[in-house]
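Structure data (TSV, C-alpha atoms) from final.tsv:
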```tsv
chain	number	residue	atom	x	y	z
E	1	MET	CA	-61.72	-38.55	-58.72
E	2	THR	CA	-64.29	-38.51	-61.51
E	3	ASP	CA	-62.02	-36.52	-63.78
E	4	THR	CA	-62.19	-38.35	-67.09
E	5	HIS	CA	-61.16	-35.79	-69.67
E	6	HIS	CA	-57.91	-36.11	-71.52
E	7	ARG	CA	-54.75	-34.52	-70.21
E	8	SER	CA	-51.07	-34.66	-71.09
E	9	ARG	CA	-48.63	-36.36	-68.70
E	10	LEU	CA	-47.59	-32.93	-67.46
E	11	GLY	CA	-51.25	-32.08	-66.98
E	12	TRP	CA	-51.75	-35.17	-64.78
E	13	PHE	CA	-48.57	-34.38	-62.84
E	14	ALA	CA	-49.90	-30.86	-62.21
E	15	ALA	CA	-53.29	-32.26	-61.14
E	16	GLY	CA	-51.56	-34.55	-58.62
E	17	PHE	CA	-49.42	-31.70	-57.32
E	18	LEU	CA	-52.48	-29.46	-56.92
E	19	HIS	CA	-54.28	-32.23	-55.07
E	20	ALA	CA	-51.35	-32.39	-52.64
E	21	ALA	CA	-51.53	-28.62	-52.20
E	22	ARG	CA	-55.14	-28.76	-50.97
E	23	LEU	CA	-54.31	-30.33	-47.61
E	24	PRO	CA	-51.67	-33.11	-47.56
E	25	MET	CA	-48.76	-30.70	-48.12
E	26	PHE	CA	-49.81	-28.74	-45.04
E	27	VAL	CA	-50.08	-31.90	-42.98
E	28	MET	CA	-46.59	-32.90	-44.15
E	29	ALA	CA	-45.22	-29.45	-43.36
E	30	LEU	CA	-46.56	-29.54	-39.79
E	31	THR	CA	-45.09	-33.01	-39.22
E	32	PHE	CA	-41.69	-32.19	-40.72
E	33	LEU	CA	-41.35	-28.89	-38.85
E	34	GLY	CA	-41.18	-31.12	-35.79
E	35	ILE	CA	-38.64	-33.42	-37.45
E	36	GLY	CA	-36.41	-30.46	-38.43
E	37	SER	CA	-36.54	-29.17	-34.90
E	38	LEU	CA	-35.76	-32.64	-33.49
E	39	ALA	CA	-32.76	-32.89	-35.86
E	40	ARG	CA	-31.33	-29.68	-34.46
E	41	GLU	CA	-31.89	-30.91	-30.93
E	42	ALA	CA	-30.09	-34.14	-31.85
E	43	GLY	CA	-27.08	-32.07	-32.93
E	44	VAL	CA	-26.88	-33.13	-36.58
E	45	SER	CA	-26.22	-30.58	-39.34
E	46	MET	CA	-29.01	-29.16	-41.48
E	47	GLY	CA	-27.60	-31.04	-44.47
E	48	VAL	CA	-27.83	-34.34	-42.59
E	49	ALA	CA	-31.40	-33.50	-41.49
E	50	LEU	CA	-32.45	-32.79	-45.08
E	51	THR	CA	-30.66	-35.90	-46.36
E	52	GLY	CA	-32.63	-37.91	-43.81
E	53	THR	CA	-35.92	-36.54	-45.15
E	54	LEU	CA	-34.98	-37.14	-48.80
E	55	LEU	CA	-33.50	-40.61	-48.32
E	56	ILE	CA	-35.41	-42.18	-45.43
E	57	TRP	CA	-38.68	-40.49	-46.50
E	58	ALA	CA	-40.73	-41.99	-43.69
E	59	GLY	CA	-41.70	-39.68	-40.82
E	60	PRO	CA	-41.85	-42.27	-38.01
E	61	ALA	CA	-38.50	-43.81	-39.03
E	62	GLN	CA	-36.90	-40.35	-39.01
E	63	VAL	CA	-38.29	-39.58	-35.55
E	64	ILE	CA	-36.85	-42.88	-34.30
E	65	PHE	CA	-33.49	-42.25	-36.01
E	66	LEU	CA	-33.08	-38.71	-34.63
E	67	GLY	CA	-34.52	-39.54	-31.20
E	68	ALA	CA	-32.07	-42.44	-30.87
E	69	ILE	CA	-29.11	-40.23	-31.86
E	70	LEU	CA	-30.24	-37.79	-29.16
E	71	GLY	CA	-30.30	-40.67	-26.68
E	72	GLY	CA	-26.87	-41.98	-27.73
E	73	VAL	CA	-28.30	-45.34	-28.83
E	74	PRO	CA	-25.82	-47.64	-30.67
E	75	LEU	CA	-26.10	-47.41	-34.46
E	76	MET	CA	-26.96	-51.09	-34.98
E	77	ALA	CA	-29.89	-50.76	-32.55
E	78	ILE	CA	-31.03	-47.61	-34.40
E	79	ALA	CA	-30.98	-49.47	-37.71
E	80	LEU	CA	-33.10	-52.28	-36.24
E	81	SER	CA	-35.76	-49.92	-34.82
E	82	VAL	CA	-35.86	-47.93	-38.06
E	83	SER	CA	-36.34	-51.11	-40.06
E	84	LEU	CA	-39.10	-52.41	-37.77
E	85	SER	CA	-40.94	-49.10	-38.05
E	86	SER	CA	-40.72	-49.13	-41.84
E	87	VAL	CA	-42.26	-52.60	-42.23
E	88	ARG	CA	-45.49	-50.64	-42.67
E	89	LEU	CA	-44.19	-49.54	-46.08
E	90	LEU	CA	-44.24	-53.12	-47.38
E	91	PRO	CA	-48.02	-53.68	-47.66
E	92	MET	CA	-48.46	-50.07	-48.74
E	93	CYS	CA	-46.00	-50.42	-51.63
E	94	VAL	CA	-47.36	-53.85	-52.61
E	95	SER	CA	-50.91	-52.48	-52.79
E	96	LEU	CA	-49.95	-49.39	-54.82
E	97	LEU	CA	-47.30	-50.68	-57.23
E	98	PRO	CA	-49.68	-52.72	-59.44
E	99	PHE	CA	-51.29	-49.38	-60.39
E	100	LEU	CA	-48.00	-47.58	-60.93
E	101	ARG	CA	-46.00	-49.83	-63.20
E	102	GLY	CA	-46.59	-51.14	-66.69
E	103	PRO	CA	-45.08	-54.21	-68.36
E	104	LYS	CA	-42.26	-52.09	-69.77
E	105	THR	CA	-41.35	-50.10	-66.65
E	106	SER	CA	-37.61	-50.43	-65.95
E	107	LEU	CA	-36.25	-51.56	-62.58
E	108	PRO	CA	-34.61	-48.17	-61.79
E	109	ALA	CA	-37.91	-46.42	-62.56
E	110	THR	CA	-39.80	-48.84	-60.30
E	111	LEU	CA	-37.19	-48.38	-57.55
E	112	TYR	CA	-37.73	-44.64	-57.74
E	113	THR	CA	-41.52	-45.03	-57.69
E	114	SER	CA	-41.34	-47.32	-54.66
E	115	HIS	CA	-38.99	-44.91	-52.90
E	116	MET	CA	-41.57	-42.15	-53.26
E	117	ILE	CA	-44.30	-44.25	-51.61
E	118	ALA	CA	-44.86	-43.34	-47.98
E	119	VAL	CA	-47.91	-43.37	-45.75
E	120	THR	CA	-49.42	-40.01	-46.75
E	121	GLY	CA	-48.99	-40.68	-50.46
E	122	TRP	CA	-50.60	-44.09	-49.95
E	123	ALA	CA	-53.58	-42.67	-48.03
E	124	GLU	CA	-54.19	-40.04	-50.72
E	125	SER	CA	-53.95	-42.36	-53.72
E	126	ILE	CA	-55.06	-45.90	-52.78
E	127	SER	CA	-58.75	-45.24	-53.34
E	128	ARG	CA	-58.22	-42.84	-56.28
E	129	LEU	CA	-55.78	-44.67	-58.56
E	130	PRO	CA	-58.09	-47.61	-59.42
E	131	ALA	CA	-60.71	-45.19	-60.78
E	132	MET	CA	-58.21	-43.32	-62.96
E	133	ALA	CA	-57.24	-44.05	-66.57
E	134	PRO	CA	-54.07	-46.23	-66.61
E	135	GLU	CA	-52.00	-43.59	-68.42
E	136	ALA	CA	-52.97	-40.95	-65.84
E	137	ARG	CA	-52.02	-42.91	-62.71
E	138	LEU	CA	-48.22	-42.63	-62.62
E	139	PRO	CA	-47.95	-38.93	-63.59
E	140	TRP	CA	-50.75	-38.00	-61.15
E	141	PHE	CA	-49.09	-39.99	-58.35
E	142	MET	CA	-45.69	-38.43	-59.12
E	143	GLY	CA	-47.21	-34.94	-58.96
E	144	LEU	CA	-48.80	-35.81	-55.62
E	145	VAL	CA	-45.70	-37.29	-53.97
E	146	HIS	CA	-43.32	-34.64	-55.27
E	147	GLY	CA	-45.61	-32.02	-53.77
E	148	LEU	CA	-45.30	-33.88	-50.46
E	149	TYR	CA	-41.51	-34.27	-50.92
E	150	LEU	CA	-41.08	-30.54	-51.56
E	151	SER	CA	-43.20	-29.51	-48.63
E	152	ALA	CA	-41.50	-31.95	-46.24
E	153	SER	CA	-38.02	-30.79	-47.35
E	154	LEU	CA	-38.82	-27.10	-46.91
E	155	ALA	CA	-40.42	-27.82	-43.52
E	156	THR	CA	-37.37	-29.82	-42.39
E	157	ILE	CA	-35.19	-26.78	-43.13
E	158	ALA	CA	-37.67	-24.36	-41.55
E	159	GLY	CA	-38.08	-26.49	-38.43
E	160	TYR	CA	-34.30	-26.76	-38.12
E	161	MET	CA	-33.85	-22.97	-38.38
E	162	LEU	CA	-36.78	-21.94	-36.18
E	163	SER	CA	-36.58	-24.63	-33.50
E	164	ALA	CA	-39.02	-22.54	-31.48
E	165	ASN	CA	-40.31	-23.56	-28.09
E	166	LEU	CA	-44.02	-23.87	-28.72
E	167	PRO	CA	-46.53	-23.41	-25.90
E	168	ARG	CA	-47.71	-26.82	-24.64
E	169	GLU	CA	-51.21	-26.36	-26.11
E	170	LEU	CA	-49.91	-25.76	-29.65
E	171	ALA	CA	-47.37	-28.56	-29.33
E	172	ALA	CA	-50.26	-30.91	-28.46
E	173	GLY	CA	-52.11	-29.62	-31.52
E	174	LEU	CA	-49.08	-30.29	-33.71
E	175	LEU	CA	-48.89	-33.91	-32.50
E	176	PHE	CA	-52.63	-34.37	-33.08
E	177	VAL	CA	-52.37	-33.51	-36.81
E	178	THR	CA	-51.21	-37.03	-37.74
E	179	PRO	CA	-54.01	-39.05	-36.07
E	180	ILE	CA	-56.88	-36.73	-37.05
E	181	TYR	CA	-55.70	-36.46	-40.65
E	182	PHE	CA	-55.14	-40.19	-41.12
E	183	ILE	CA	-58.42	-41.23	-39.52
E	184	ALA	CA	-60.34	-38.77	-41.73
E	185	ALA	CA	-58.41	-39.94	-44.83
E	186	LEU	CA	-59.12	-43.60	-43.97
E	187	VAL	CA	-62.82	-42.88	-43.54
E	188	ARG	CA	-62.85	-40.99	-46.85
E	189	ASN	CA	-61.13	-43.96	-48.57
E	190	VAL	CA	-63.90	-46.38	-47.57
E	191	ARG	CA	-65.52	-47.90	-50.67
E	192	GLU	CA	-66.69	-51.32	-49.53
E	193	PRO	CA	-67.45	-53.17	-46.26
E	194	ILE	CA	-63.87	-54.52	-46.24
E	195	ASP	CA	-62.55	-50.98	-45.75
E	196	TRP	CA	-64.81	-50.28	-42.75
E	197	LEU	CA	-63.94	-53.65	-41.25
E	198	ALA	CA	-60.17	-53.20	-41.69
E	199	LEU	CA	-60.40	-49.71	-40.18
E	200	ALA	CA	-62.43	-50.86	-37.17
E	201	PHE	CA	-60.29	-53.97	-36.56
E	202	GLY	CA	-57.11	-51.90	-36.77
E	203	LEU	CA	-58.38	-49.41	-34.19
E	204	ALA	CA	-59.68	-52.11	-31.85
E	205	LEU	CA	-56.79	-54.58	-32.12
E	206	SER	CA	-54.01	-52.08	-31.46
E	207	PRO	CA	-54.65	-51.72	-27.69
E	208	VAL	CA	-55.30	-55.48	-27.40
E	209	LEU	CA	-52.18	-56.71	-29.21
E	210	LYS	CA	-49.72	-54.07	-28.05
E	211	PRO	CA	-49.34	-55.45	-24.51
E	212	LEU	CA	-49.15	-59.02	-25.84
E	213	VAL	CA	-46.34	-58.59	-28.36
E	214	GLY	CA	-43.38	-56.29	-28.04
E	215	ALA	CA	-43.42	-52.78	-29.46
E	216	GLY	CA	-42.35	-52.80	-33.08
E	217	PHE	CA	-44.02	-56.05	-34.08
E	218	ASP	CA	-47.43	-54.99	-32.76
E	219	LEU	CA	-48.33	-52.85	-35.79
E	220	LEU	CA	-47.42	-55.58	-38.24
E	221	LEU	CA	-49.59	-58.04	-36.33
E	222	VAL	CA	-52.48	-55.56	-36.13
E	223	GLY	CA	-52.29	-55.16	-39.91
E	224	LEU	CA	-52.09	-58.88	-40.63
E	225	VAL	CA	-54.79	-60.01	-38.18
E	226	GLY	CA	-57.16	-57.08	-38.76
E	227	GLY	CA	-56.69	-57.01	-42.53
E	228	THR	CA	-57.08	-60.78	-42.94
E	229	ALA	CA	-60.25	-60.82	-40.81
E	230	ALA	CA	-61.74	-57.93	-42.82
E	231	TRP	CA	-60.86	-59.65	-46.09
E	232	ALA	CA	-62.30	-63.02	-44.96
E	233	ILE	CA	-65.56	-61.43	-43.79
E	234	GLN	CA	-65.97	-59.55	-47.07
E	235	ARG	CA	-65.40	-62.78	-49.02
E	236	GLY	CA	-68.03	-64.50	-46.89
E	237	LEU	CA	-70.52	-61.67	-47.48
E	238	LYS	CA	-69.95	-61.78	-51.24
E	239	ARG	CA	-70.34	-65.56	-51.38
E	240	ARG	CA	-73.61	-65.38	-49.47
E	241	ALA	CA	-74.86	-62.64	-51.81
E	242	ALA	CA	-73.89	-64.70	-54.86
E	243	ARG	CA	-75.72	-67.81	-53.63
E	244	PRO	CA	-79.00	-68.35	-55.52
R	1	MET	CA	-20.72	-47.59	-31.74
R	2	THR	CA	-22.83	-44.42	-31.66
R	3	PHE	CA	-23.57	-41.62	-34.11
R	4	ASP	CA	-21.05	-39.28	-32.42
R	5	GLN	CA	-18.22	-41.57	-33.51
R	6	TRP	CA	-19.27	-41.04	-37.14
R	7	SER	CA	-18.87	-37.26	-36.93
R	8	GLY	CA	-16.91	-34.98	-39.22
R	9	GLY	CA	-16.84	-34.63	-42.99
R	10	LEU	CA	-19.15	-36.95	-44.88
R	11	TRP	CA	-19.35	-39.60	-42.11
R	12	PRO	CA	-22.74	-38.43	-40.74
R	13	TYR	CA	-24.20	-38.68	-44.26
R	14	LEU	CA	-22.86	-42.21	-44.57
R	15	ALA	CA	-24.44	-43.03	-41.21
R	16	VAL	CA	-27.83	-41.76	-42.48
R	17	ILE	CA	-27.49	-44.00	-45.53
R	18	VAL	CA	-26.33	-47.15	-43.72
R	19	PHE	CA	-28.40	-46.97	-40.51
R	20	GLY	CA	-31.43	-44.95	-41.70
R	21	PHE	CA	-31.98	-45.20	-45.44
R	22	LEU	CA	-31.03	-48.84	-46.11
R	23	PRO	CA	-32.93	-50.44	-43.18
R	24	SER	CA	-36.03	-48.52	-44.24
R	25	GLU	CA	-35.67	-48.88	-48.01
R	26	VAL	CA	-35.24	-52.66	-47.86
R	27	TRP	CA	-39.04	-53.03	-47.44
R	28	ARG	CA	-39.79	-50.86	-50.46
R	29	THR	CA	-37.33	-52.82	-52.59
R	30	LEU	CA	-38.72	-56.15	-51.39
R	31	SER	CA	-42.23	-54.95	-52.28
R	32	ILE	CA	-41.26	-54.59	-55.94
R	33	PHE	CA	-40.66	-58.33	-56.18
R	34	LEU	CA	-43.71	-59.25	-54.12
R	35	ALA	CA	-45.97	-56.98	-56.21
R	36	ARG	CA	-44.64	-58.24	-59.54
R	37	ASP	CA	-47.33	-60.82	-60.21
R	38	ILE	CA	-50.24	-59.13	-58.47
R	39	ASP	CA	-52.97	-57.97	-60.80
R	40	GLU	CA	-55.39	-55.13	-60.42
R	41	GLY	CA	-58.66	-56.36	-58.99
R	42	SER	CA	-57.20	-59.62	-57.62
R	43	GLN	CA	-58.12	-61.04	-54.20
R	44	LEU	CA	-54.48	-60.86	-53.14
R	45	LEU	CA	-54.39	-57.11	-53.85
R	46	GLU	CA	-57.61	-56.63	-51.90
R	47	TRP	CA	-56.09	-58.50	-48.95
R	48	VAL	CA	-52.87	-56.41	-48.99
R	49	ARG	CA	-54.95	-53.23	-49.12
R	50	ALA	CA	-56.97	-54.40	-46.09
R	51	VAL	CA	-53.72	-55.18	-44.22
R	52	SER	CA	-52.42	-51.66	-44.98
R	53	THR	CA	-55.69	-50.08	-43.87
R	54	ALA	CA	-55.76	-52.01	-40.58
R	55	LEU	CA	-52.09	-51.17	-39.99
R	56	LEU	CA	-52.65	-47.45	-40.50
R	57	ALA	CA	-55.72	-47.55	-38.22
R	58	GLY	CA	-53.43	-49.22	-35.67
R	59	VAL	CA	-50.97	-46.33	-36.00
R	60	VAL	CA	-53.80	-43.88	-35.27
R	61	ALA	CA	-54.97	-45.89	-32.23
R	62	ASN	CA	-51.38	-46.03	-30.94
R	63	ILE	CA	-50.94	-42.26	-31.09
R	64	LEU	CA	-54.34	-41.66	-29.48
R	65	LEU	CA	-53.95	-44.17	-26.65
R	66	ALA	CA	-50.23	-43.80	-25.92
R	67	PRO	CA	-49.20	-40.35	-27.19
R	68	SER	CA	-45.78	-38.80	-26.71
R	69	GLY	CA	-44.80	-35.33	-25.58
R	70	ALA	CA	-47.32	-32.55	-25.12
R	71	LEU	CA	-50.26	-34.59	-26.41
R	72	ALA	CA	-49.91	-36.88	-23.37
R	73	SER	CA	-50.86	-33.93	-21.14
R	74	VAL	CA	-54.36	-33.90	-22.66
R	75	PRO	CA	-56.61	-36.52	-20.95
R	76	LEU	CA	-57.55	-39.62	-22.95
R	77	ALA	CA	-61.27	-38.74	-22.95
R	78	ALA	CA	-60.46	-35.33	-24.47
R	79	ARG	CA	-58.23	-36.90	-27.14
R	80	LEU	CA	-61.00	-39.30	-28.10
R	81	GLY	CA	-63.55	-36.49	-27.92
R	82	ALA	CA	-61.52	-34.28	-30.26
R	83	MET	CA	-61.27	-37.14	-32.75
R	84	GLY	CA	-65.00	-37.83	-32.50
R	85	PHE	CA	-65.73	-34.14	-33.04
R	86	GLY	CA	-63.44	-34.04	-36.10
R	87	LEU	CA	-65.22	-37.05	-37.60
R	88	ALA	CA	-68.68	-35.61	-36.82
R	89	VAL	CA	-67.69	-32.44	-38.68
R	90	TYR	CA	-66.37	-34.60	-41.54
R	91	PHE	CA	-69.77	-36.22	-42.02
R	92	GLY	CA	-71.64	-32.98	-41.28
R	93	LEU	CA	-69.72	-30.93	-43.84
R	94	ARG	CA	-70.07	-33.06	-46.95
R	95	ARG	CA	-67.17	-35.39	-46.21
R	96	SER	CA	-64.45	-32.77	-46.06
R	97	VAL	CA	-61.12	-34.06	-44.69
R	98	ILE	CA	-59.91	-30.45	-44.38
R	99	ALA	CA	-62.90	-29.57	-42.18
R	100	ALA	CA	-62.27	-32.66	-40.04
R	101	VAL	CA	-58.61	-31.72	-39.46
R	102	VAL	CA	-59.43	-28.08	-38.66
R	103	ALA	CA	-62.25	-29.05	-36.27
R	104	GLY	CA	-60.20	-31.77	-34.55
R	105	GLU	CA	-57.26	-29.38	-34.14
R	106	ALA	CA	-59.49	-26.66	-32.68
R	107	ALA	CA	-60.98	-29.17	-30.25
R	108	ILE	CA	-57.62	-30.57	-29.06
R	109	ILE	CA	-56.13	-27.09	-28.55
R	110	VAL	CA	-59.18	-25.95	-26.56
R	111	ALA	CA	-58.94	-29.18	-24.55
R	112	ALA	CA	-55.23	-28.58	-23.89
R	113	TYR	CA	-56.00	-25.09	-22.57
R	114	THR	CA	-58.89	-26.40	-20.45
R	115	PHE	CA	-57.03	-29.29	-18.80
R	116	SER	CA	-53.85	-27.61	-17.68
```
Structure rendered as structure tokens:
Amino acid sequence: MTDTHHRSRLGWFAAGFLHAARLPMFVMALTFLGIGSLAREAGVSMGVALTGTLLIWAGPAQVIFLGAILGGVPLMAIALSVSLSSVRLLPMCVSLLPFLRGPKTSLPATLYTSHMIAVTGWAESISRLPAMAPEARLPWFMGLVHGLYLSASLATIAGYMLSANLPRELAAGLLFVTPIYFIAALVRNVREPIDWLALAFGLALSPVLKPLVGAGFDLLLVGLVGGTAAWAIQRGLKRRAARP
Amino acid sequence: MTFDQWSGGLWPYLAVIVFGFLPSEVWRTLSIFLARDIDEGSQLLEWVRAVSTALLAGVVANILLAPSGALASVPLAARLGAMGFGLAVYFGLRRSVIAAVVAGEAAIIVAAYTFS
């Protein structure tokens, strides 16, 4: 994002929305078609399915929620799995919020901003926001995430109504959208060695740590161990470079 | 207690709020207080960003190595190959994420047809 010319807040919102429309909205739509169809399978109403998308606003948590309803899992156990899955939102929100709030931002406004942060919005904005003018960041981000919100909501409804039985080959393609999109977005976001290191450690640690710790906690541990190692190595590299 | 016992009227909506929305949203709300004193360009922010990046890479590895549903019917080597192809196209076509997704999708669908 090397766009430095002046725009109004609405102009930045529109720019963010248009950025979402280039690819991320399609990725969201493909994911949430599946979620809409799962909701129907789980036997909830379309209104409940849409409420889930608008309120939970985290694809993996919604898949867990609906899948567990389908399996007749007790509600308290559902809440626990949903919460474990959404721990991923914590570091994502903490790393984005410093760019999205000013000293005078009210608590309700910050609550709304944090609600709109999910993984796709994070992946699209984490490497762009720091380069943007401070007054452009929040409206651009809001345009981006509302584009994603709109597309996910429409796709939830469409997936619920269509609920088609896809051929196995296309169903495999649909499930592959998430990993291929996120890996490409992570590679695009690389700015410094720390980003490559965190990416590589995350990929490599996942299969190592998953059998060691129970499902649910493994991702958190992969993030903490891989991210800390990447950060420590980058610090070491910078210190060595700074030494006379 | 299961979801079926919360059926009728507005009960299912309440169930979404209590057992879906709140358990998920608690992390976002907590983040507001944790992020309060973090400045742009600080080491702490850099560390949190690295944790997020590693975590998301872990999500990708999880889906690739232990996929669910129809993707599990495509052999591991083909899943990794399709990802490698997508990334090769990304670097070949001036770092286009769109090209990477289209190429990776084409590769996985061809692989799914081939290994059936």
Requested in this report: Using only C-alpha atoms, find the one residue out of R:Ile109, R:Leu93, R:Leu44, R:Leu10 that sits nearest to chain E.
Outcome: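 Using only C-alpha atoms, chain E sits closest to R:Ile109.
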Requested in this report: Please provide the set of residues having any atom within 9 Å of Leu56 in chain R, restricted to all atoms listed in the file, with same-chain residues fewer than 5 positions apart removed, written as a list in words.
Outcome: Arg88, Val119, Ala123, Phe182, Ile183, Leu186, Leu199, Gly202, Leu203, Leu219 and Gly223 of chain E; Val51 and Ala61 of chain R
Enumerate as a PDB file with C-alpha atoms, keeping the file's coordinate frame the residues belonging to chain E that approach chain R to within 6 Å, with all atoms listed in the file taken into account.
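Output (out27.pdb):
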```pdb
ATOM      1  CA  VAL E  48     -27.830 -34.340 -42.590  1.00  0.00           C
ATOM      2  CA  LEU E  55     -33.500 -40.610 -48.320  1.00  0.00           C
ATOM      3  CA  ILE E  56     -35.410 -42.180 -45.430  1.00  0.00           C
ATOM      4  CA  PRO E  74     -25.820 -47.640 -30.670  1.00  0.00           C
ATOM      5  CA  LEU E  75     -26.100 -47.410 -34.460  1.00  0.00           C
ATOM      6  CA  ALA E  79     -30.980 -49.470 -37.710  1.00  0.00           C
ATOM      7  CA  SER E  83     -36.340 -51.110 -40.060  1.00  0.00           C
ATOM      8  CA  SER E  86     -40.720 -49.130 -41.840  1.00  0.00           C
ATOM      9  CA  LEU E  90     -44.240 -53.120 -47.380  1.00  0.00           C
ATOM     10  CA  PRO E  91     -48.020 -53.680 -47.660  1.00  0.00           C
ATOM     11  CA  MET E  92     -48.460 -50.070 -48.740  1.00  0.00           C
ATOM     12  CA  CYS E  93     -46.000 -50.420 -51.630  1.00  0.00           C
ATOM     13  CA  VAL E  94     -47.360 -53.850 -52.610  1.00  0.00           C
ATOM     14  CA  SER E  95     -50.910 -52.480 -52.790  1.00  0.00           C
ATOM     15  CA  SER E 114     -41.340 -47.320 -54.660  1.00  0.00           C
ATOM     16  CA  ARG E 168     -47.710 -26.820 -24.640  1.00  0.00           C
ATOM     17  CA  GLU E 169     -51.210 -26.360 -26.110  1.00  0.00           C
ATOM     18  CA  ALA E 171     -47.370 -28.560 -29.330  1.00  0.00           C
ATOM     19  CA  ALA E 172     -50.260 -30.910 -28.460  1.00  0.00           C
ATOM     20  CA  GLY E 173     -52.110 -29.620 -31.520  1.00  0.00           C
ATOM     21  CA  PRO E 179     -54.010 -39.050 -36.070  1.00  0.00           C
ATOM     22  CA  ILE E 180     -56.880 -36.730 -37.050  1.00  0.00           C
ATOM     23  CA  TYR E 181     -55.700 -36.460 -40.650  1.00  0.00           C
ATOM     24  CA  ALA E 184     -60.340 -38.770 -41.730  1.00  0.00           C
ATOM     25  CA  ALA E 198     -60.170 -53.200 -41.690  1.00  0.00           C
ATOM     26  CA  LEU E 199     -60.400 -49.710 -40.180  1.00  0.00           C
ATOM     27  CA  GLY E 202     -57.110 -51.900 -36.770  1.00  0.00           C
ATOM     28  CA  LEU E 203     -58.380 -49.410 -34.190  1.00  0.00           C
ATOM     29  CA  SER E 206     -54.010 -52.080 -31.460  1.00  0.00           C
ATOM     30  CA  LEU E 219     -48.330 -52.850 -35.790  1.00  0.00           C
ATOM     31  CA  VAL E 222     -52.480 -55.560 -36.130  1.00  0.00           C
ATOM     32  CA  GLY E 223     -52.290 -55.160 -39.910  1.00  0.00           C
ATOM     33  CA  LEU E 224     -52.090 -58.880 -40.630  1.00  0.00           C
ATOM     34  CA  GLY E 226     -57.160 -57.080 -38.760  1.00  0.00           C
ATOM     35  CA  GLY E 227     -56.690 -57.010 -42.530  1.00  0.00           C
ATOM     36  CA  TRP E 231     -60.860 -59.650 -46.090  1.00  0.00           C
TER      37      TRP E 231
END
```
Query raised in the report: For Leu221 in chain E, which residue out of E:Pro103, E:Val87, E:Trp122, E:Ile157 is the nearest one, using only C-alpha atoms?
Result: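 Looking at the shortest contact to Leu221 in chain E, the residue is E:Val87.
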**Report entry** Computed interatomic separation between CA of Ile194 in chain E and CA of Ala88 in chain R (Å)
**Finding:**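 We find that CA of Ile194 in chain E and CA of Ala88 in chain R lie 21.7 Å from each other.
Minimum distance to Ala78 in chain R across E:Phe65, E:Tyr149, E:Phe176, E:Met161 (counting all atoms listed in the file) occurs at E:Phe176.
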Query raised in the report: Expressed in Å to a single decimal, how great is the separation between CA of Gly59 in chain E and CA of Met116 in chain E?
Result: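 Here the two named atoms are 12.7 Å from each other.
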Report task. Could you give me, as number ranges by chain, the residues within 9 Å of Ile35 in chain E, counting only C-alpha atoms and dropping anything in the same chain fewer than 4 positions from it? Result -> E: 31, 39-40, 49, 53, 59, 62-63, 66, 155-156, 159-160
Report task. Rounded to one decimal place, report the CA of Val190 in chain E-CA of Pro211 in chain E distance in Å. Result -> 28.7 Å
Query raised in the report: Got a sec to check which residues sit within 12 Å of (-38.5, -27.2, -48.2), counting only C-alpha atoms, and write them as a PyMOL selection string?
Result: chain E and resi 25-26+28-30+32-33+36+46+49-51+53-54+146-161
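Proximity of E:Ala68, E:Leu162, E:Leu138, E:Val208 to Thr105 in chain E, computed with all atoms listed in the file, is greatest for E:Leu138.
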Give as a PDB file with C-alpha atoms, in the frame of the given file the set of residues within 10 Å of the point (-43.3, -34.5, -62.5), where distances use the file's coordinates and all atoms listed in the file.
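After the write, selection_6.pdb holds the following:
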```pdb
ATOM      1  CA  ARG E   9     -48.630 -36.360 -68.700  1.00  0.00           C
ATOM      2  CA  LEU E  10     -47.590 -32.930 -67.460  1.00  0.00           C
ATOM      3  CA  GLY E  11     -51.250 -32.080 -66.980  1.00  0.00           C
ATOM      4  CA  TRP E  12     -51.750 -35.170 -64.780  1.00  0.00           C
ATOM      5  CA  PHE E  13     -48.570 -34.380 -62.840  1.00  0.00           C
ATOM      6  CA  ALA E  14     -49.900 -30.860 -62.210  1.00  0.00           C
ATOM      7  CA  GLY E  16     -51.560 -34.550 -58.620  1.00  0.00           C
ATOM      8  CA  PHE E  17     -49.420 -31.700 -57.320  1.00  0.00           C
ATOM      9  CA  LEU E 138     -48.220 -42.630 -62.620  1.00  0.00           C
ATOM     10  CA  PRO E 139     -47.950 -38.930 -63.590  1.00  0.00           C
ATOM     11  CA  TRP E 140     -50.750 -38.000 -61.150  1.00  0.00           C
ATOM     12  CA  PHE E 141     -49.090 -39.990 -58.350  1.00  0.00           C
ATOM     13  CA  MET E 142     -45.690 -38.430 -59.120  1.00  0.00           C
ATOM     14  CA  GLY E 143     -47.210 -34.940 -58.960  1.00  0.00           C
ATOM     15  CA  LEU E 144     -48.800 -35.810 -55.620  1.00  0.00           C
ATOM     16  CA  VAL E 145     -45.700 -37.290 -53.970  1.00  0.00           C
ATOM     17  CA  HIS E 146     -43.320 -34.640 -55.270  1.00  0.00           C
ATOM     18  CA  GLY E 147     -45.610 -32.020 -53.770  1.00  0.00           C
TER      19      GLY E 147
END
```
